[in-house]
Amino acid sequence: MSASSVAPPARPVKTRFAPSPTGYLHIGGARTALFSWAYARHHGGSFVLRVEDTDRQRSTPEAVRAILDGMSWLGLESDEPVVYQTERMDRYAQVIAELLDKGLAYRCWASPQELDAMREEQRARGFKPRYDGRWRPENSAGRTPPDGVSPVIRFRNPDDGAVQWHDLVKGPISIANAELDDLIIARADGSPTYNFCVVVDDADMGITHVIRGDDHVNNTPRQINILRAIGATVPVYGHVPMIHGPDGQKLSKRHGAVSVMQYDEAGYLPEAVVNYLARLGWSHGDDELFDREQLVSWFDGSHLSQSPAQFDPEKLDWVNQHYLRGREDDWLAGAVRSRLERRLGGAADAALVATLPGQCGLLKERAATLEALADDLTLFHLEPSAADAGVREAFDKRAAAATPAALRDFASRLPALAWNPESIAAEVKAVIGSHGLKLPQFAIPLRLLVFGRAQTPALEQVLALLPRERVAQRLEAGLAAIGG
Ligand code: GLU
């Protein structure tokens, strides 16, 4: 048999992502979608989303919505209207009728009990259980179908030769037809089965490249045979290996978040998730950080790994931090505000919101996610309590005899001070000089009274980001509480 699928078809590249909605867009699905999207973009082709929603119990409107939300958050939009399998039932019925007409499919009345007995007997004789073709027309001539049984419809798989394809990821694959039995394409209630719908869709949609998880590799020879039977061009297949968790097991909820939108909630940026996912099972030299355009220009279908990729949360944090740092301070302020207010239990103080971009600019260097940034921002927004025993104890430990007087002196100079880091730093220097203190004997107690903690980024930077009156108030309240 000639391997007609080896040469890429001359049709414009068209890829698809075909999730079965289960309630969320899984990290693994998102990675497959990204590869399909990038491959299409690289070749100037198109990418289409197809929702495989024939399992009506699981495929609720909410589950479909969750997939669409995840895709749009990642920026992987379908180039054509989304295809829903549930809207194509008439088409599947039509193709089944054609296959029946042509003798490429047939009705099978074997009951489940009968099939169980058949498999049992095959096993007992040391064979692999397999439908024996008992209702193929040539084997059932003259037999009357049993009363009251609705038949299933089976595809008449070729008996001889092998199905061969050149997998983009796995290389050449060949499966003998003798290994494949006559697949059920319509159930007794007439509903088409999964492999059949995929085939009709891929054919009708003109899909040239199917990039999907390698849990589907066993379906491929069956799908190729059906595609040939309906006269469709066989697409190129690429089966990408699974994603494993850090422990080497298949990625699952045990490993933490597996839904893409949970990463949004946890404060990851879509460009970081896209960058990170692209590296799970694909590489471009040593490049770890690249944008969407670079990905598209590099993603030609080569360098796809044959072994499972390992999900590494620390690396994702590292990638996210890179993108967070690159965002404008104003953007970060807008993005982080509601997360901060959740921590404050209400609206943030307007005077402090005014310098929120500056606060983000100062703290973004160290935060891996928007959630971590929101945690760090509470530095400015939570009123410290000098009455707090911990604060008091830390204050006493760090303060020298002259510290309260120096703090009062500093407070008295505040109204005349130009409110910027440079002049604040100069004033701090002048105050500690005149009170004979070392910087930590002044700066740490001051931090404790104004921020409630001993450590912050550079003192003059954090002070300048609080309104001057707020510093004065906190200092005064703090000095009163410690009795200074
Ligand atoms: N609906 C299948 C899934 O979610 C994918 C089918 C395919 O890509 O061919 O696993």
# chains A, B, ... in the order shown; residues from 1 in each chain; ligands from 1
call {"tool": "closest_atom_pairs", "arguments": {"of": "chain A", "to": "ligand 1", "cutoff": "10 Å", "atoms": "only C-alpha atoms and all ligand atoms", "output": "tab-separated table"}}
result
residue	atom	partner	partner_atom_place_in_ligand_line	distance
A:Arg16	CA	ligand 1	8 (O)	7.7
A:Phe17	CA	ligand 1	8 (O)	6.2
A:Ala18	CA	ligand 1	8 (O)	4.8
A:Pro19	CA	ligand 1	4 (O)	3.8
A:Ser20	CA	ligand 1	4 (O)	4.1
A:Pro21	CA	ligand 1	4 (O)	7.3
A:Thr22	CA	ligand 1	4 (O)	8.6
A:Leu25	CA	ligand 1	4 (O)	9.8
A:His26	CA	ligand 1	4 (O)	9.6
A:Gly28	CA	ligand 1	10 (O)	9.8
A:Gly29	CA	ligand 1	4 (O)	7.3
A:Thr32	CA	ligand 1	8 (O)	8.6
A:Ala33	CA	ligand 1	8 (O)	9.4
A:Arg50	CA	ligand 1	1 (N)	8.5
A:Val51	CA	ligand 1	1 (N)	7.5
A:Glu52	CA	ligand 1	1 (N)	5.4
A:Asp53	CA	ligand 1	1 (N)	8.3
A:Thr54	CA	ligand 1	1 (N)	9.7
A:Tyr194	CA	ligand 1	1 (N)	8.2
A:Asn195	CA	ligand 1	9 (O)	8.0
A:Cys197	CA	ligand 1	9 (O)	9.5
A:Val198	CA	ligand 1	9 (O)	6.0
A:Val199	CA	ligand 1	9 (O)	8.4
A:Asp201	CA	ligand 1	9 (O)	9.6
A:Asp202	CA	ligand 1	9 (O)	8.5
A:Val210	CA	ligand 1	8 (O)	6.9
A:Ile211	CA	ligand 1	8 (O)	7.0
A:Arg212	CA	ligand 1	8 (O)	4.9
A:Gly213	CA	ligand 1	8 (O)	7.1
A:Asp214	CA	ligand 1	8 (O)	9.5
A:Asp215	CA	ligand 1	10 (O)	7.8
A:His216	CA	ligand 1	9 (O)	6.8
A:Val217	CA	ligand 1	9 (O)	9.4
A:Asn219	CA	ligand 1	9 (O)	8.5
A:Thr220	CA	ligand 1	9 (O)	8.6
A:Gln223	CA	ligand 1	9 (O)	9.4
A:Tyr237	CA	ligand 1	9 (O)	9.7
A:His239	CA	ligand 1	8 (O)	9.4
call {"tool": "select_by_dssp", "arguments": {"residues": "region 165-391 of chain A", "states": "helix (DSSP H, G or I)", "output": "PyMOL selection string"}}
result
chain A and resi 177-179+194-204+214-216+220-229+253-255+260-265+270-278+292-298+313-326+329-344+350-353+356-363+370-381+389-391
call {"tool": "atom_distance", "arguments": {"atom1": "CA of Gly133 (chain A)", "atom2": "CA of Val95 (chain A)"}}
result
21.3 Å
call {"tool": "closest_residue", "arguments": {"among": "A:Ile243, A:Ile432, A:Ala10, A:Leu449", "to": "Asp396 (chain A)", "atoms": "only C-alpha atoms"}}
result
A:Leu449
call {"tool": "residues_around", "arguments": {"residues": "Thr144 (chain A)", "least_positions_apart": "4", "cutoff": "12 Å", "atoms": "only C-alpha atoms", "output": "PyMOL selection string"}}
result
chain A and resi 108-110+135+137+140+148-149
call {"tool": "atom_distance", "arguments": {"atom1": "CA of His244 (chain A)", "atom2": "CA of Lys315 (chain A)"}}
result
14.3 Å
call {"tool": "residues_around", "arguments": {"residues": "region 273-281 of chain A", "least_positions_apart": "2", "cutoff": "10 Å", "atoms": "only C-alpha atoms", "output": "number ranges by chain"}}
result
A: 27-28, 30-32, 34-35, 38, 74-76, 169, 240-244, 260, 263-264, 268-271, 283-284, 287-292, 295, 299, 303-313, 315-320, 323
call {"tool": "write_last_selection", "arguments": {"atoms": "C-alpha atoms", "output": "short mmCIF file (atom, residue, chain, number, x, y, z; two decimals), in the first residue's frame"}}
result
data_model
loop_
_atom_site.label_atom_id
_atom_site.label_comp_id
_atom_site.auth_asym_id
_atom_site.auth_seq_id
_atom_site.Cartn_x
_atom_site.Cartn_y
_atom_site.Cartn_z
CA ILE A 27 -3.50 22.68 30.21
CA GLY A 28 -2.82 19.73 27.89
CA ALA A 30 -4.41 24.32 25.56
CA ARG A 31 -0.95 23.14 24.54
CA THR A 32 -2.43 21.10 21.66
CA LEU A 34 -1.48 26.33 20.71
CA PHE A 35 0.56 23.96 18.53
CA ALA A 38 0.99 28.19 15.65
CA LEU A 74 -4.94 32.63 25.43
CA GLY A 75 -5.64 34.61 22.27
CA LEU A 76 -6.30 31.51 20.18
CA VAL A 169 6.00 13.81 15.83
CA VAL A 240 2.13 15.03 20.71
CA PRO A 241 3.10 13.17 23.88
CA MET A 242 1.30 13.78 27.14
CA ILE A 243 2.24 16.35 29.76
CA HIS A 244 3.45 14.90 33.02
CA VAL A 260 -6.18 27.31 32.04
CA TYR A 263 -3.95 30.31 35.96
CA ASP A 264 -5.75 33.52 35.14
CA TYR A 268 -0.54 34.48 35.48
CA LEU A 269 -0.48 36.46 32.24
CA PRO A 270 -1.74 34.84 29.05
CA GLU A 271 1.46 35.65 27.15
CA SER A 283 11.93 23.66 21.43
CA HIS A 284 13.77 26.21 19.37
CA ASP A 287 15.21 29.86 23.56
CA GLU A 288 13.01 30.00 26.64
CA LEU A 289 11.45 33.45 26.34
CA PHE A 290 9.81 34.42 23.10
CA ASP A 291 6.69 36.19 22.02
CA ARG A 292 3.81 34.99 19.91
CA LEU A 295 6.70 31.32 18.09
CA PHE A 299 6.86 26.72 14.60
CA HIS A 303 11.54 19.89 16.94
CA LEU A 304 8.46 18.36 18.47
CA SER A 305 9.61 16.05 21.22
CA GLN A 306 8.76 12.36 21.19
CA SER A 307 8.87 12.04 24.94
CA PRO A 308 6.40 13.40 27.49
CA ALA A 309 6.95 16.95 28.66
CA GLN A 310 7.16 17.75 32.34
CA PHE A 311 5.13 20.54 33.85
CA ASP A 312 7.38 22.65 36.04
CA PRO A 313 5.49 25.23 38.15
CA LYS A 315 9.65 27.56 35.54
CA LEU A 316 6.18 28.88 34.80
CA ASP A 317 6.66 31.36 37.66
CA TRP A 318 9.97 32.41 36.21
CA VAL A 319 8.42 32.97 32.78
CA ASN A 320 5.49 34.83 34.30
CA TYR A 323 6.31 39.13 31.47
#
call {"tool": "closest_residue", "arguments": {"among": "A:His255, A:Arg136, A:Arg327, A:His43", "to": "Leu100 (chain A)", "atoms": "only C-alpha atoms"}}
result
A:Arg136
call {"tool": "closest_residue", "arguments": {"among": "A:Ala350, A:Val234, A:Ala389, A:Ala458", "to": "Arg470 (chain A)", "atoms": "only C-alpha atoms"}}
result
A:Ala350
call {"tool": "closest_residue", "arguments": {"among": "A:Pro192, A:Pro12, A:Gly44, A:Gly142", "to": "Gln85 (chain A)", "atoms": "only C-alpha atoms"}}
result
A:Pro192
call {"tool": "select_by_dssp", "arguments": {"residues": "region 170-410 of chain A", "states": "strand (DSSP E or B)", "output": "mmCIF file with N, CA, C and O atoms, in the first residue's frame"}}
result
data_model
loop_
_atom_site.group_PDB
_atom_site.id
_atom_site.type_symbol
_atom_site.label_atom_id
_atom_site.label_comp_id
_atom_site.auth_asym_id
_atom_site.auth_seq_id
_atom_site.Cartn_x
_atom_site.Cartn_y
_atom_site.Cartn_z
ATOM 1 N N GLY A 171 7.074 10.067 13.499
ATOM 2 C CA GLY A 171 7.693 9.470 12.311
ATOM 3 C C GLY A 171 6.789 8.431 11.667
ATOM 4 O O GLY A 171 5.573 8.427 11.891
ATOM 5 N N PRO A 172 7.355 7.508 10.864
ATOM 6 C CA PRO A 172 6.505 6.557 10.135
ATOM 7 C C PRO A 172 5.821 5.560 11.068
ATOM 8 O O PRO A 172 6.443 5.052 12.003
ATOM 9 N N ILE A 173 4.548 5.338 10.825
ATOM 10 C CA ILE A 173 3.770 4.377 11.624
ATOM 11 C C ILE A 173 3.019 3.486 10.642
ATOM 12 O O ILE A 173 2.519 3.952 9.616
ATOM 13 N N SER A 174 2.974 2.204 10.939
ATOM 14 C CA SER A 174 2.259 1.273 10.071
ATOM 15 C C SER A 174 1.463 0.309 10.946
ATOM 16 O O SER A 174 2.012 -0.297 11.865
ATOM 17 N N ILE A 175 0.176 0.196 10.670
ATOM 18 C CA ILE A 175 -0.679 -0.714 11.439
ATOM 19 C C ILE A 175 -1.363 -1.656 10.448
ATOM 20 O O ILE A 175 -2.016 -1.194 9.512
ATOM 21 N N ALA A 176 -1.208 -2.943 10.679
ATOM 22 C CA ALA A 176 -1.829 -3.915 9.772
ATOM 23 C C ALA A 176 -3.347 -3.856 9.912
ATOM 24 O O ALA A 176 -3.867 -3.767 11.036
ATOM 25 N N ILE A 184 -17.847 0.180 14.994
ATOM 26 C CA ILE A 184 -19.237 0.657 15.016
ATOM 27 C C ILE A 184 -19.232 2.152 14.701
ATOM 28 O O ILE A 184 -18.533 2.926 15.366
ATOM 29 N N ILE A 185 -19.965 2.562 13.671
ATOM 30 C CA ILE A 185 -20.018 3.994 13.356
ATOM 31 C C ILE A 185 -21.366 4.603 13.751
ATOM 32 O O ILE A 185 -21.470 5.813 13.873
ATOM 33 N N ALA A 186 -22.381 3.761 13.931
ATOM 34 C CA ALA A 186 -23.644 4.278 14.482
ATOM 35 C C ALA A 186 -24.157 3.264 15.498
ATOM 36 O O ALA A 186 -24.124 2.054 15.256
ATOM 37 N N PRO A 192 -24.269 8.639 15.822
ATOM 38 C CA PRO A 192 -22.953 8.323 15.265
ATOM 39 C C PRO A 192 -21.906 8.266 16.378
ATOM 40 O O PRO A 192 -22.048 8.927 17.403
ATOM 41 N N HIS A 209 -3.978 19.248 8.599
ATOM 42 C CA HIS A 209 -3.055 18.773 9.630
ATOM 43 C C HIS A 209 -3.798 18.591 10.937
ATOM 44 O O HIS A 209 -4.402 19.549 11.435
ATOM 45 N N VAL A 210 -3.716 17.387 11.464
ATOM 46 C CA VAL A 210 -4.351 17.098 12.744
ATOM 47 C C VAL A 210 -3.243 16.975 13.791
ATOM 48 O O VAL A 210 -2.453 16.026 13.743
ATOM 49 N N ILE A 211 -3.178 17.948 14.663
ATOM 50 C CA ILE A 211 -2.199 17.876 15.757
ATOM 51 C C ILE A 211 -3.013 17.622 17.021
ATOM 52 O O ILE A 211 -3.929 18.389 17.337
ATOM 53 N N ARG A 212 -2.732 16.533 17.689
ATOM 54 C CA ARG A 212 -3.523 16.179 18.867
ATOM 55 C C ARG A 212 -2.683 15.314 19.808
ATOM 56 O O ARG A 212 -1.570 14.907 19.475
ATOM 57 N N GLY A 213 -3.255 15.023 20.958
ATOM 58 C CA GLY A 213 -2.545 14.242 21.965
ATOM 59 C C GLY A 213 -2.343 12.804 21.491
ATOM 60 O O GLY A 213 -3.146 12.262 20.726
ATOM 61 N N VAL A 236 -2.324 15.239 7.364
ATOM 62 C CA VAL A 236 -1.076 14.869 8.044
ATOM 63 C C VAL A 236 -1.400 14.831 9.540
ATOM 64 O O VAL A 236 -2.124 15.708 10.039
ATOM 65 N N TYR A 237 -0.890 13.823 10.226
ATOM 66 C CA TYR A 237 -1.147 13.722 11.673
ATOM 67 C C TYR A 237 0.123 13.995 12.459
ATOM 68 O O TYR A 237 1.231 13.630 12.033
ATOM 69 N N GLY A 238 -0.060 14.628 13.589
ATOM 70 C CA GLY A 238 1.056 14.812 14.524
ATOM 71 C C GLY A 238 0.529 14.537 15.922
ATOM 72 O O GLY A 238 -0.371 15.240 16.394
ATOM 73 N N HIS A 239 1.051 13.495 16.548
ATOM 74 C CA HIS A 239 0.549 13.114 17.881
ATOM 75 C C HIS A 239 1.556 13.513 18.942
ATOM 76 O O HIS A 239 2.637 12.934 19.030
ATOM 77 N N VAL A 240 1.191 14.519 19.713
ATOM 78 C CA VAL A 240 2.133 15.027 20.711
ATOM 79 C C VAL A 240 2.000 14.251 22.026
ATOM 80 O O VAL A 240 0.895 13.937 22.457
ATOM 81 N N ILE A 243 1.513 15.502 28.808
ATOM 82 C CA ILE A 243 2.244 16.348 29.758
ATOM 83 C C ILE A 243 2.220 15.621 31.099
ATOM 84 O O ILE A 243 1.159 15.172 31.537
ATOM 85 N N HIS A 244 3.364 15.511 31.704
ATOM 86 C CA HIS A 244 3.451 14.896 33.025
ATOM 87 C C HIS A 244 3.633 15.957 34.100
ATOM 88 O O HIS A 244 4.110 17.058 33.831
ATOM 89 N N LYS A 250 1.070 11.347 34.748
ATOM 90 C CA LYS A 250 0.242 12.162 33.858
ATOM 91 C C LYS A 250 -0.333 13.363 34.629
ATOM 92 O O LYS A 250 -0.828 13.200 35.746
ATOM 93 N N SER A 259 -6.698 23.627 34.922
ATOM 94 C CA SER A 259 -7.553 24.417 34.048
ATOM 95 C C SER A 259 -6.850 25.737 33.740
ATOM 96 O O SER A 259 -6.309 26.389 34.636
ATOM 97 N N TRP A 282 8.167 21.090 22.763
ATOM 98 C CA TRP A 282 8.700 21.708 21.547
ATOM 99 C C TRP A 282 9.850 22.617 21.953
ATOM 100 O O TRP A 282 9.840 23.154 23.075
ATOM 101 N N LEU A 304 9.490 18.793 17.522
ATOM 102 C CA LEU A 304 8.460 18.356 18.474
ATOM 103 C C LEU A 304 9.005 17.110 19.165
ATOM 104 O O LEU A 304 9.455 16.175 18.501
ATOM 105 N N ALA A 309 6.405 15.715 28.093
ATOM 106 C CA ALA A 309 6.952 16.951 28.661
ATOM 107 C C ALA A 309 6.617 16.985 30.142
ATOM 108 O O ALA A 309 5.635 16.375 30.574
ATOM 109 N N GLN A 310 7.434 17.687 30.904
ATOM 110 C CA GLN A 310 7.163 17.748 32.338
ATOM 111 C C GLN A 310 6.770 19.169 32.746
ATOM 112 O O GLN A 310 7.490 20.121 32.448
#
call {"tool": "decode", "arguments": {"residues": "region 410-429 of chain A", "atoms": "N, CA, C and O atoms", "output": "PDB file, in the first residue's frame"}}
result
ATOM      1  N   PHE A 410      12.358  63.878  62.526  1.00  0.00           N
ATOM      2  CA  PHE A 410      12.046  63.605  61.117  1.00  0.00           C
ATOM      3  C   PHE A 410      10.595  64.002  60.815  1.00  0.00           C
ATOM      4  O   PHE A 410      10.317  64.662  59.805  1.00  0.00           O
ATOM      5  N   ALA A 411       9.697  63.642  61.745  1.00  0.00           N
ATOM      6  CA  ALA A 411       8.276  63.974  61.541  1.00  0.00           C
ATOM      7  C   ALA A 411       8.093  65.489  61.434  1.00  0.00           C
ATOM      8  O   ALA A 411       7.303  65.969  60.612  1.00  0.00           O
ATOM      9  N   SER A 412       8.841  66.218  62.226  1.00  0.00           N
ATOM     10  CA  SER A 412       8.664  67.675  62.222  1.00  0.00           C
ATOM     11  C   SER A 412       9.196  68.289  60.924  1.00  0.00           C
ATOM     12  O   SER A 412       8.809  69.376  60.533  1.00  0.00           O
ATOM     13  N   ARG A 413      10.091  67.585  60.254  1.00  0.00           N
ATOM     14  CA  ARG A 413      10.647  68.120  59.000  1.00  0.00           C
ATOM     15  C   ARG A 413       9.776  67.780  57.783  1.00  0.00           C
ATOM     16  O   ARG A 413      10.017  68.314  56.692  1.00  0.00           O
ATOM     17  N   LEU A 414       8.841  66.872  57.985  1.00  0.00           N
ATOM     18  CA  LEU A 414       8.052  66.390  56.831  1.00  0.00           C
ATOM     19  C   LEU A 414       7.335  67.506  56.060  1.00  0.00           C
ATOM     20  O   LEU A 414       7.411  67.522  54.825  1.00  0.00           O
ATOM     21  N   PRO A 415       6.655  68.431  56.736  1.00  0.00           N
ATOM     22  CA  PRO A 415       5.868  69.403  55.971  1.00  0.00           C
ATOM     23  C   PRO A 415       6.687  70.209  54.966  1.00  0.00           C
ATOM     24  O   PRO A 415       6.185  70.559  53.903  1.00  0.00           O
ATOM     25  N   ALA A 416       7.959  70.441  55.283  1.00  0.00           N
ATOM     26  CA  ALA A 416       8.762  71.292  54.392  1.00  0.00           C
ATOM     27  C   ALA A 416       9.522  70.491  53.330  1.00  0.00           C
ATOM     28  O   ALA A 416      10.189  71.067  52.477  1.00  0.00           O
ATOM     29  N   LEU A 417       9.380  69.197  53.409  1.00  0.00           N
ATOM     30  CA  LEU A 417      10.214  68.336  52.558  1.00  0.00           C
ATOM     31  C   LEU A 417       9.640  68.197  51.146  1.00  0.00           C
ATOM     32  O   LEU A 417       8.438  67.991  50.978  1.00  0.00           O
ATOM     33  N   ALA A 418      10.535  68.321  50.137  1.00  0.00           N
ATOM     34  CA  ALA A 418      10.090  68.015  48.758  1.00  0.00           C
ATOM     35  C   ALA A 418       9.835  66.505  48.724  1.00  0.00           C
ATOM     36  O   ALA A 418      10.679  65.716  49.152  1.00  0.00           O
ATOM     37  N   TRP A 419       8.616  66.121  48.263  1.00  0.00           N
ATOM     38  CA  TRP A 419       8.208  64.713  48.444  1.00  0.00           C
ATOM     39  C   TRP A 419       8.675  63.841  47.279  1.00  0.00           C
ATOM     40  O   TRP A 419       7.917  63.483  46.385  1.00  0.00           O
ATOM     41  N   ASN A 420       9.971  63.536  47.310  1.00  0.00           N
ATOM     42  CA  ASN A 420      10.524  62.610  46.316  1.00  0.00           C
ATOM     43  C   ASN A 420      11.649  61.822  46.972  1.00  0.00           C
ATOM     44  O   ASN A 420      12.177  62.233  48.016  1.00  0.00           O
ATOM     45  N   PRO A 421      12.027  60.687  46.413  1.00  0.00           N
ATOM     46  CA  PRO A 421      13.005  59.799  47.070  1.00  0.00           C
ATOM     47  C   PRO A 421      14.337  60.500  47.376  1.00  0.00           C
ATOM     48  O   PRO A 421      14.902  60.303  48.443  1.00  0.00           O
ATOM     49  N   GLU A 422      14.791  61.345  46.455  1.00  0.00           N
ATOM     50  CA  GLU A 422      16.105  61.968  46.652  1.00  0.00           C
ATOM     51  C   GLU A 422      16.118  62.854  47.896  1.00  0.00           C
ATOM     52  O   GLU A 422      17.003  62.761  48.751  1.00  0.00           O
ATOM     53  N   SER A 423      15.109  63.736  47.996  1.00  0.00           N
ATOM     54  CA  SER A 423      15.166  64.650  49.146  1.00  0.00           C
ATOM     55  C   SER A 423      14.816  63.911  50.438  1.00  0.00           C
ATOM     56  O   SER A 423      15.334  64.256  51.508  1.00  0.00           O
ATOM     57  N   ILE A 424      13.983  62.874  50.362  1.00  0.00           N
ATOM     58  CA  ILE A 424      13.704  62.080  51.573  1.00  0.00           C
ATOM     59  C   ILE A 424      15.004  61.417  52.048  1.00  0.00           C
ATOM     60  O   ILE A 424      15.348  61.466  53.234  1.00  0.00           O
ATOM     61  N   ALA A 425      15.762  60.851  51.097  1.00  0.00           N
ATOM     62  CA  ALA A 425      17.019  60.184  51.471  1.00  0.00           C
ATOM     63  C   ALA A 425      17.984  61.183  52.109  1.00  0.00           C
ATOM     64  O   ALA A 425      18.647  60.884  53.118  1.00  0.00           O
ATOM     65  N   ALA A 426      18.041  62.391  51.548  1.00  0.00           N
ATOM     66  CA  ALA A 426      18.955  63.409  52.085  1.00  0.00           C
ATOM     67  C   ALA A 426      18.540  63.813  53.511  1.00  0.00           C
ATOM     68  O   ALA A 426      19.376  63.985  54.409  1.00  0.00           O
ATOM     69  N   GLU A 427      17.224  63.897  53.722  1.00  0.00           N
ATOM     70  CA  GLU A 427      16.721  64.300  55.037  1.00  0.00           C
ATOM     71  C   GLU A 427      16.986  63.217  56.076  1.00  0.00           C
ATOM     72  O   GLU A 427      17.351  63.506  57.223  1.00  0.00           O
ATOM     73  N   VAL A 428      16.816  61.961  55.665  1.00  0.00           N
ATOM     74  CA  VAL A 428      17.090  60.840  56.581  1.00  0.00           C
ATOM     75  C   VAL A 428      18.562  60.900  57.008  1.00  0.00           C
ATOM     76  O   VAL A 428      18.901  60.768  58.186  1.00  0.00           O
ATOM     77  N   LYS A 429      19.418  61.139  56.030  1.00  0.00           N
ATOM     78  CA  LYS A 429      20.846  61.218  56.325  1.00  0.00           C
ATOM     79  C   LYS A 429      21.139  62.340  57.323  1.00  0.00           C
ATOM     80  O   LYS A 429      21.884  62.145  58.301  1.00  0.00           O
TER      81      LYS A 429
END
